[in-house]
Amino acid sequence: MSTHVRTPSATADWILMVLFAAAILTMPWWLAPFGANYPDLMQKFAIYGVFAVGFNLLFGLTGYLSFGHAAFLGVGSYTAVWCFKLLTMNVLPALAASIVVAGVFAFLIGFVSLRRSGIYFSILTLAFAQMSYNLAYSVLTPITNGETGLQLSLSDPRVVDAALGTEAGRSLPSTTLFGIKMSGISGFYFCAVVLIIAFFIALRITRSPFGMMLKAIKSNQTRMKYTGFDTRPYLIWAFVISGMYAGLAGALLSITDPLAGAERMQWTASGEVVLMTILGGVGTMIGPVLGAALIKYLENIFSAINNQDLTRMLSFLPEGLQDFAISTVGLFVGDGWHLTLGLIFMIVVIFLPGGIMEGVRRIGRLFSRGDRGSPAPRAHPMPAEQS
Amino acid sequence: MDAIFLQVLNGLDKGAAYALIALGLTLVFGTLGVVNFAHGALFMIGAFCAVTLEKVLTISTKVKDESITFFDAYKEVPILEAKFPVVGGFIVDWSVPFAILLAVPVMLIVGLVMERGLIRHFYNRPHADQILVTFGLAIILQEVIRHYFGANPIPQLAPDAFAGAAPVGELFGLGKSIVYPWWRLIYLAFAALIIGAVFAFLQFTTFGMVVRAGMQDRETVGLLGINIQRRFTIVFGLAAVVAGLAGVMYTPILPPNYHMGMDFLVLSFVVVVVGGMGSLGGAVLAGFLLGILQSFASMTEVKSIVPGIDQIIIYLVAVVVLLVRPRGLMGRKGVMED
């Protein structure tokens, strides 16, 4: 039984990295025709790209579906904002702190959740995510400020800034990287650089022996155990690393917009990142980033369309048909964005479970008359327990 | 003591809703092997059946209001009531129980369409795919309902005869002052009836026997020459009807809104997992148990000791149970672990 798995060579990897970095850094230019080159949206691409890449390290490599990663996103956001309030407006301590705190949080949750596998694991992570969300809204309001969300204020101590003698202005300070304001286009470039670094690390992890262990866990965990490997540390590490990525994404969210709200921690937000990963292609490297960008782009475009825009766009239709078209298409745009999202969910899972990358591969296979070996079957994760 | 008794009743009530949804979920897991994240949406559709029926029955017309003599005033009166004062009024008043008649065929059709159209293709897909596609379906259903019914909760009224409170205190000798709404007691009885009916169906009919056998070992049932695939559709329809009925009767207790499906879904999954996947008795038991626990956790005395406990008690209990008894309270070996 030959499988057509070709481990990409180191050169191929470097080319991928360079192309990826180039594509990301030149986004403001080539996104212009799509109308997507304004900084806020591009920041979101980068941030959710980081989130999806990290999630892919867990779901794509080990096959464990976690519904709790939104909690790590939230934790990262809150930590970052607290850093801004207590220490300094410089973003680097906030980044570092978020990664560490999210990692610790992920360790605690992962330690408990990874004692089970398969659907039990998913439900456990779901339970933890909802728990965190509920706690953030009710009990932990001193830390999270409940529904209003955690915000900066003029009376924040900002110890390090005060010690360094940074002037406190009249209005709320903005997050800075050693003096450069982290909003708008410079904020985007910061997020882009972070994305490139994160992508690079994820690539190295995937190609490393550690990554290979994770893939082995996905394909047959029982066999791994029989050959003497203890799979738990690997799983916990994978979970913690993906949690750290989520925390990093959360920190970036707060850096570009210093406000942390609890709604990011709901399990439905985790569902969104799962969709991004699957849409792009589970287990592939670029897939999650593509998926994240596409979802965020569609969200932006679709929710912004209101009835006037629709009327304008469909003005070429005759009167009666136009009304009908507006009322049906109107279901899917604006407020109805969630409907479109649900549809995308279903269509992707039913028809293209391998995501965009699989679609690309299939199209590539159509054109290449070369060896048409049977594609490697999609590995189904084998849960740990047998008896 | 009175407070505890009332909270037990509250818990049983809420637990009844969880138990019914969890029952449907477990039926679907155990036989079809499908994780159905759209079950909460079925609960919601049932509730909105009641809303639709009420809207239809109360299509009103203007009738002169005799009680105001200053000027000509008109009041809205449902056409049914205006044309047939006694019977029409009765029907409008009892719209929620009558909605059961509407809900059963609607839920059956919805369940059959869902199973034939979608779920059937996902029997052999990995659980992650099943979760995601049914999650997508749940979002779509939720959004469609939101589009047609709006985002606000639409309160439904119990029939006048049951609108008051029952003197439960007297019945149990706990004092005359303890009362509990009639409708909630009715709901409890109704839920018990449905659970009993489902169990009786599974226990005493041939079809039920095949379903039970399929839950134990689907492969062997196939090897014995029984085409269990055909029966799956009916089982799914049954599960949908159960969820829908739970939704219909719950409407006077909790005004239906478009995201009640998702709210109940997470908790129902936790209930199923705590009870043990594949165990019907476990699902029902865990439903009531967790309902009571949640009720107790929301008592003010308990909340003052551990603030916020009511929000997280169910999840905490689920985590503890899953760690101590990995298969849940009554789970069987080998379910969902293939």
# chains A, B, ... in the order shown; residues from 1 in each chain; ligands from 1

call {"tool": "interface_residues", "arguments": {"of": "chain B", "to": "chain A", "cutoff": "9 Å", "atoms": "only C-alpha atoms", "output": "PyMOL selection string"}}
result
chain B and resi 35+118+121-122+125-130+132-144+147+266-267+269-270+273+307-309+311-316+318-319+322-323+326+333-334+336-338

call {"tool": "residues_around", "arguments": {"residues": "stretch 275-292 of chain B", "least_positions_apart": "2", "cutoff": "9 Å", "atoms": "only C-alpha atoms", "output": "PyMOL selection string"}}
result
chain B and resi 7-31+195+199+215-216+268+270-273+294-297+313-314+317+326-332+335-336

call {"tool": "write_last_selection", "arguments": {"atoms": "N, CA and C atoms", "output": "compact mmCIF listing (two decimals), in the first residue's frame"}}
result
# COMPACT_ATOMS: atom_id res chain seq x y z
N GLN B 7 -36.82 24.33 45.35
CA GLN B 7 -35.70 24.21 44.43
C GLN B 7 -35.63 22.82 43.83
N VAL B 8 -36.01 21.82 44.62
CA VAL B 8 -36.03 20.47 44.05
C VAL B 8 -37.03 20.43 42.90
N LEU B 9 -38.19 21.02 43.12
CA LEU B 9 -39.20 21.04 42.06
C LEU B 9 -38.70 21.80 40.84
N ASN B 10 -38.08 22.96 41.09
CA ASN B 10 -37.51 23.72 39.97
C ASN B 10 -36.50 22.89 39.20
N GLY B 11 -35.65 22.22 39.98
CA GLY B 11 -34.61 21.42 39.36
C GLY B 11 -35.19 20.29 38.55
N LEU B 12 -36.23 19.65 39.09
CA LEU B 12 -36.86 18.56 38.35
C LEU B 12 -37.43 19.07 37.04
N ASP B 13 -38.00 20.26 37.11
CA ASP B 13 -38.59 20.87 35.92
C ASP B 13 -37.56 21.10 34.83
N LYS B 14 -36.51 21.83 35.22
CA LYS B 14 -35.46 22.12 34.24
C LYS B 14 -34.81 20.82 33.81
N GLY B 15 -34.61 19.95 34.79
CA GLY B 15 -34.00 18.66 34.49
C GLY B 15 -34.83 17.86 33.53
N ALA B 16 -36.15 18.03 33.60
CA ALA B 16 -37.01 17.31 32.66
C ALA B 16 -36.71 17.74 31.24
N ALA B 17 -36.54 19.04 31.03
CA ALA B 17 -36.20 19.53 29.68
C ALA B 17 -34.87 18.95 29.23
N TYR B 18 -33.86 19.02 30.13
CA TYR B 18 -32.55 18.47 29.77
C TYR B 18 -32.67 16.99 29.45
N ALA B 19 -33.45 16.28 30.31
CA ALA B 19 -33.55 14.83 30.14
C ALA B 19 -34.18 14.49 28.80
N LEU B 20 -35.21 15.23 28.40
CA LEU B 20 -35.86 14.94 27.13
C LEU B 20 -34.91 15.16 25.96
N ILE B 21 -34.19 16.28 25.99
CA ILE B 21 -33.25 16.54 24.89
C ILE B 21 -32.14 15.50 24.89
N ALA B 22 -31.65 15.21 26.11
CA ALA B 22 -30.56 14.24 26.20
C ALA B 22 -31.02 12.86 25.75
N LEU B 23 -32.28 12.55 26.01
CA LEU B 23 -32.82 11.26 25.58
C LEU B 23 -32.74 11.15 24.06
N GLY B 24 -33.20 12.20 23.38
CA GLY B 24 -33.14 12.20 21.93
C GLY B 24 -31.70 12.09 21.43
N LEU B 25 -30.82 12.86 22.08
CA LEU B 25 -29.41 12.82 21.68
C LEU B 25 -28.84 11.42 21.81
N THR B 26 -29.13 10.78 22.94
CA THR B 26 -28.56 9.46 23.18
C THR B 26 -29.13 8.44 22.21
N LEU B 27 -30.43 8.57 21.91
CA LEU B 27 -31.02 7.68 20.93
C LEU B 27 -30.27 7.78 19.61
N VAL B 28 -29.98 9.02 19.23
CA VAL B 28 -29.30 9.23 17.95
C VAL B 28 -27.87 8.70 18.00
N PHE B 29 -27.14 8.98 19.11
CA PHE B 29 -25.78 8.42 19.24
C PHE B 29 -25.80 6.93 19.20
N GLY B 30 -26.64 6.38 20.06
CA GLY B 30 -26.57 4.95 20.31
C GLY B 30 -26.90 4.15 19.06
N THR B 31 -27.89 4.60 18.29
CA THR B 31 -28.26 3.83 17.10
C THR B 31 -27.47 4.27 15.89
N ILE B 195 -41.08 10.19 28.54
CA ILE B 195 -39.94 9.30 28.80
C ILE B 195 -40.44 7.88 28.97
N PHE B 199 -39.49 4.66 26.62
CA PHE B 199 -38.94 3.42 27.17
C PHE B 199 -39.85 2.24 26.89
N MET B 215 -28.35 -0.57 19.28
CA MET B 215 -27.55 0.26 20.18
C MET B 215 -26.45 -0.56 20.82
N GLN B 216 -26.75 -1.82 21.05
CA GLN B 216 -25.72 -2.63 21.69
C GLN B 216 -24.62 -3.01 20.71
N SER B 268 -27.16 19.99 27.30
CA SER B 268 -27.65 18.65 27.02
C SER B 268 -26.50 17.71 26.70
N VAL B 270 -23.51 17.98 27.87
CA VAL B 270 -22.86 17.67 29.14
C VAL B 270 -23.66 16.61 29.88
N VAL B 271 -25.01 16.74 29.81
CA VAL B 271 -25.86 15.75 30.47
C VAL B 271 -25.62 14.36 29.88
N VAL B 272 -25.58 14.30 28.56
CA VAL B 272 -25.40 12.99 27.92
C VAL B 272 -24.07 12.38 28.32
N VAL B 273 -23.04 13.21 28.33
CA VAL B 273 -21.72 12.69 28.64
C VAL B 273 -21.64 12.26 30.10
N GLN B 294 -28.24 22.34 39.45
CA GLN B 294 -28.19 23.73 39.02
C GLN B 294 -29.16 24.58 39.81
N SER B 295 -30.32 23.98 40.13
CA SER B 295 -31.29 24.72 40.93
C SER B 295 -30.75 25.05 42.30
N PHE B 296 -30.15 24.03 42.92
CA PHE B 296 -29.61 24.27 44.25
C PHE B 296 -28.50 25.30 44.21
N ALA B 297 -27.69 25.22 43.14
CA ALA B 297 -26.57 26.15 43.08
C ALA B 297 -27.03 27.58 42.90
N ILE B 313 -21.62 25.13 37.91
CA ILE B 313 -21.73 23.87 38.64
C ILE B 313 -21.87 22.69 37.69
N ILE B 314 -22.67 22.88 36.63
CA ILE B 314 -22.86 21.74 35.73
C ILE B 314 -21.55 21.33 35.07
N VAL B 317 -19.29 19.62 37.62
CA VAL B 317 -19.71 18.25 37.88
C VAL B 317 -19.35 17.35 36.71
N PRO B 326 -14.89 7.64 33.86
CA PRO B 326 -14.73 8.12 32.49
C PRO B 326 -15.89 7.80 31.57
N ARG B 327 -16.65 6.73 31.89
CA ARG B 327 -17.74 6.43 30.99
C ARG B 327 -19.03 7.10 31.39
N GLY B 328 -18.97 7.99 32.35
CA GLY B 328 -20.22 8.58 32.79
C GLY B 328 -20.87 7.70 33.82
N LEU B 329 -22.02 8.15 34.31
CA LEU B 329 -22.63 7.43 35.42
C LEU B 329 -23.06 6.02 35.02
N MET B 330 -23.68 5.92 33.84
CA MET B 330 -24.19 4.59 33.47
C MET B 330 -23.71 4.16 32.09
N GLY B 331 -22.57 4.66 31.71
CA GLY B 331 -22.12 4.35 30.36
C GLY B 331 -21.68 2.91 30.21
N ARG B 332 -21.73 2.44 28.96
CA ARG B 332 -21.30 1.08 28.71
C ARG B 332 -19.95 1.10 28.01
N VAL B 335 -18.76 2.33 23.85
CA VAL B 335 -19.61 3.26 23.09
C VAL B 335 -18.82 4.52 22.79
N MET B 336 -18.90 4.98 21.57
CA MET B 336 -18.20 6.20 21.14
C MET B 336 -16.70 6.05 21.28

call {"tool": "select_by_dssp", "arguments": {"residues": "stretch 54-186 of chain B", "states": "strand (DSSP E or B)", "output": "JSON, numbers by chain"}}
result
{"B": [60, 61, 62, 63, 64, 74, 75, 76, 77, 78, 165, 166, 180, 181]}

call {"tool": "residues_around", "arguments": {"residues": "A:Phe105", "least_positions_apart": "5", "cutoff": "10 Å", "atoms": "only C-alpha atoms", "output": "list in words"}}
result
Ala71, Phe72, Val75, Gly76, Ile99, Val100, Gly110, Phe111, Val240, Gly243, Met244 and Gly247 of chain A

call {"tool": "select_by_dssp", "arguments": {"residues": "stretch 151-338 of chain A", "states": "alpha helix (DSSP H)", "output": "ChimeraX atom specification"}}
result
/A:159-163,184-207,209-226,231-256,267-280,286-304,307-313,319-329,337-338

call {"tool": "write_last_selection", "arguments": {"atoms": "C-alpha atoms", "output": "compact mmCIF listing (two decimals), in the first residue's frame"}}
result
# COMPACT_ATOMS: atom_id res chain seq x y z
CA VAL A 159 4.35 51.45 36.66
CA VAL A 160 7.08 50.93 34.15
CA ASP A 161 6.05 53.86 32.04
CA ALA A 162 6.05 56.11 35.07
CA ALA A 163 9.46 54.85 36.10
CA GLY A 184 -3.51 51.56 11.61
CA ILE A 185 -0.96 50.43 9.10
CA SER A 186 1.93 50.13 11.55
CA GLY A 187 -0.28 47.95 13.70
CA PHE A 188 -0.90 45.79 10.68
CA TYR A 189 2.80 45.41 9.97
CA PHE A 190 3.44 44.42 13.55
CA CYS A 191 0.75 41.75 13.35
CA ALA A 192 2.08 40.64 9.97
CA VAL A 193 5.59 40.18 11.33
CA VAL A 194 4.21 38.24 14.28
CA LEU A 195 2.21 36.08 11.86
CA ILE A 196 5.29 35.34 9.79
CA ILE A 197 7.31 34.39 12.84
CA ALA A 198 4.46 32.27 14.18
CA PHE A 199 4.05 30.59 10.81
CA PHE A 200 7.75 29.86 10.70
CA ILE A 201 7.69 28.30 14.16
CA ALA A 202 4.64 26.23 13.27
CA LEU A 203 6.37 25.06 10.11
CA ARG A 204 9.43 24.00 12.05
CA ILE A 205 7.29 22.20 14.60
CA THR A 206 5.42 20.35 11.89
CA ARG A 207 8.60 19.16 10.19
CA PRO A 209 10.36 14.80 15.09
CA PHE A 210 7.90 16.22 17.59
CA GLY A 211 5.54 17.01 14.74
CA MET A 212 5.95 13.54 13.40
CA MET A 213 4.98 12.11 16.78
CA LEU A 214 1.81 14.18 16.69
CA LYS A 215 0.94 12.91 13.23
CA ALA A 216 1.55 9.38 14.48
CA ILE A 217 -0.84 10.02 17.33
CA LYS A 218 -3.46 11.03 14.82
CA SER A 219 -3.05 7.99 12.68
CA ASN A 220 -2.96 5.33 15.38
CA GLN A 221 -2.50 6.24 18.99
CA THR A 222 -2.91 2.71 20.31
CA ARG A 223 -0.08 1.42 18.17
CA MET A 224 2.13 4.21 19.42
CA LYS A 225 1.43 3.21 22.96
CA TYR A 226 2.16 -0.41 22.19
CA THR A 231 1.60 9.92 24.13
CA ARG A 232 0.36 12.14 26.92
CA PRO A 233 3.29 14.59 27.15
CA TYR A 234 3.18 15.09 23.40
CA LEU A 235 -0.54 15.78 23.47
CA ILE A 236 -0.22 18.15 26.39
CA TRP A 237 2.60 20.01 24.69
CA ALA A 238 0.61 20.26 21.47
CA PHE A 239 -2.36 21.59 23.41
CA VAL A 240 -0.25 24.09 25.33
CA ILE A 241 1.49 25.34 22.21
CA SER A 242 -1.76 25.82 20.37
CA GLY A 243 -3.12 27.53 23.47
CA MET A 244 -0.15 29.88 23.43
CA TYR A 245 -0.83 30.73 19.82
CA ALA A 246 -4.40 31.52 20.78
CA GLY A 247 -3.18 33.70 23.63
CA LEU A 248 -0.85 35.47 21.23
CA ALA A 249 -3.74 36.13 18.88
CA GLY A 250 -5.75 37.48 21.78
CA ALA A 251 -2.92 39.78 22.76
CA LEU A 252 -2.68 41.07 19.20
CA LEU A 253 -6.41 41.75 19.26
CA SER A 254 -5.95 43.86 22.36
CA ILE A 255 -2.87 45.57 21.01
CA THR A 256 -4.66 46.82 17.97
CA TRP A 267 -17.63 28.26 22.42
CA THR A 268 -19.22 29.49 19.23
CA ALA A 269 -16.11 31.61 18.70
CA SER A 270 -14.11 28.40 18.92
CA GLY A 271 -16.43 27.01 16.29
CA GLU A 272 -15.41 29.85 14.01
CA VAL A 273 -11.72 29.03 14.22
CA VAL A 274 -12.52 25.37 13.56
CA LEU A 275 -14.32 26.47 10.44
CA MET A 276 -11.39 28.63 9.36
CA THR A 277 -9.02 25.72 9.73
CA ILE A 278 -11.27 23.30 7.92
CA LEU A 279 -12.13 25.75 5.19
CA GLY A 280 -8.47 26.31 4.52
CA ILE A 286 -1.08 27.70 4.51
CA GLY A 287 -4.62 26.38 4.64
CA PRO A 288 -5.57 27.81 8.05
CA VAL A 289 -4.23 31.25 7.16
CA LEU A 290 -6.18 31.21 3.91
CA GLY A 291 -9.28 30.03 5.69
CA ALA A 292 -8.99 32.71 8.35
CA ALA A 293 -8.47 35.43 5.78
CA LEU A 294 -11.37 34.25 3.66
CA ILE A 295 -13.79 34.03 6.58
CA LYS A 296 -12.85 37.43 7.92
CA TYR A 297 -13.03 38.94 4.45
CA LEU A 298 -16.46 37.46 3.78
CA GLU A 299 -17.63 38.55 7.20
CA ASN A 300 -16.55 42.08 6.54
CA ILE A 301 -17.95 42.27 3.07
CA PHE A 302 -21.19 40.50 3.81
CA SER A 303 -22.12 42.19 7.04
CA ALA A 304 -21.46 45.59 5.59
CA ASN A 307 -30.32 47.23 1.55
CA GLN A 308 -29.20 50.29 -0.38
CA ASP A 309 -26.07 48.54 -1.56
CA LEU A 310 -28.14 45.54 -2.57
CA THR A 311 -30.54 47.73 -4.54
CA ARG A 312 -27.63 49.30 -6.29
CA MET A 313 -25.98 46.00 -7.10
CA GLU A 319 -38.49 45.69 -11.16
CA GLY A 320 -40.34 42.63 -9.91
CA LEU A 321 -37.35 40.35 -10.14
CA GLN A 322 -35.28 42.95 -8.38
CA ASP A 323 -37.53 43.00 -5.33
CA PHE A 324 -37.56 39.25 -5.17
CA ALA A 325 -33.79 39.10 -5.57
CA ILE A 326 -33.28 41.70 -2.87
CA SER A 327 -35.46 39.88 -0.40
CA THR A 328 -33.76 36.55 -0.95
CA VAL A 329 -30.20 37.78 -1.16
CA TRP A 337 -24.12 36.98 7.92
CA HIS A 338 -24.46 34.14 10.40

call {"tool": "residues_around", "arguments": {"residues": "B:Lys64", "least_positions_apart": "2", "cutoff": "9 Å", "atoms": "only C-alpha atoms", "output": "tab-separated table (two decimals) with N, CA and C atoms, in the first residue's frame"}}
result
chain	number	residue	atom	x	y	z
B	62	LYS	N	-60.99	43.58	14.35
B	62	LYS	CA	-61.38	44.64	15.27
B	62	LYS	C	-62.85	44.48	15.64
B	66	GLU	N	-67.32	47.37	23.94
B	66	GLU	CA	-68.53	47.91	24.55
B	66	GLU	C	-68.25	48.59	25.86
B	67	SER	N	-67.16	48.24	26.50
B	67	SER	CA	-66.97	48.75	27.85
B	67	SER	C	-66.56	50.21	27.89
B	72	ASP	N	-65.91	55.80	20.39
B	72	ASP	CA	-65.94	54.49	19.75
B	72	ASP	C	-64.57	53.84	19.83
B	73	ALA	N	-64.50	52.84	20.67
B	73	ALA	CA	-63.20	52.17	20.80
B	73	ALA	C	-63.30	50.78	20.22
B	74	TYR	N	-62.19	50.33	19.66
B	74	TYR	CA	-62.17	48.99	19.09
B	74	TYR	C	-61.08	48.19	19.73
B	75	LYS	N	-61.36	46.95	19.94
B	75	LYS	CA	-60.29	46.12	20.48
B	75	LYS	C	-60.05	44.94	19.54
B	76	GLU	N	-58.84	44.42	19.69
B	76	GLU	CA	-58.47	43.30	18.83
B	76	GLU	C	-58.98	42.02	19.45

call {"tool": "closest_residue", "arguments": {"among": "B:Leu293, B:Val210, B:Met249, B:Ala38", "to": "B:Trp94", "atoms": "only C-alpha atoms"}}
result
B:Met249

call {"tool": "residues_around", "arguments": {"residues": "B:Asp93", "least_positions_apart": "6", "cutoff": "9 Å", "atoms": "only C-alpha atoms", "output": "PDB file with C-alpha atoms, in the first residue's frame"}}
result
ATOM      1  CA  LEU B 157     -49.184  31.760  28.029  1.00  0.00           C
ATOM      2  CA  ALA B 158     -50.279  28.587  29.665  1.00  0.00           C
ATOM      3  CA  PRO B 159     -54.012  27.863  29.494  1.00  0.00           C
ATOM      4  CA  ASP B 160     -55.962  29.866  32.060  1.00  0.00           C
TER       5      ASP B 160
END

call {"tool": "closest_residue", "arguments": {"among": "B:Phe232, B:Gly208, B:Leu185, B:Pro155", "to": "B:Val168", "atoms": "only C-alpha atoms"}}
result
B:Leu185
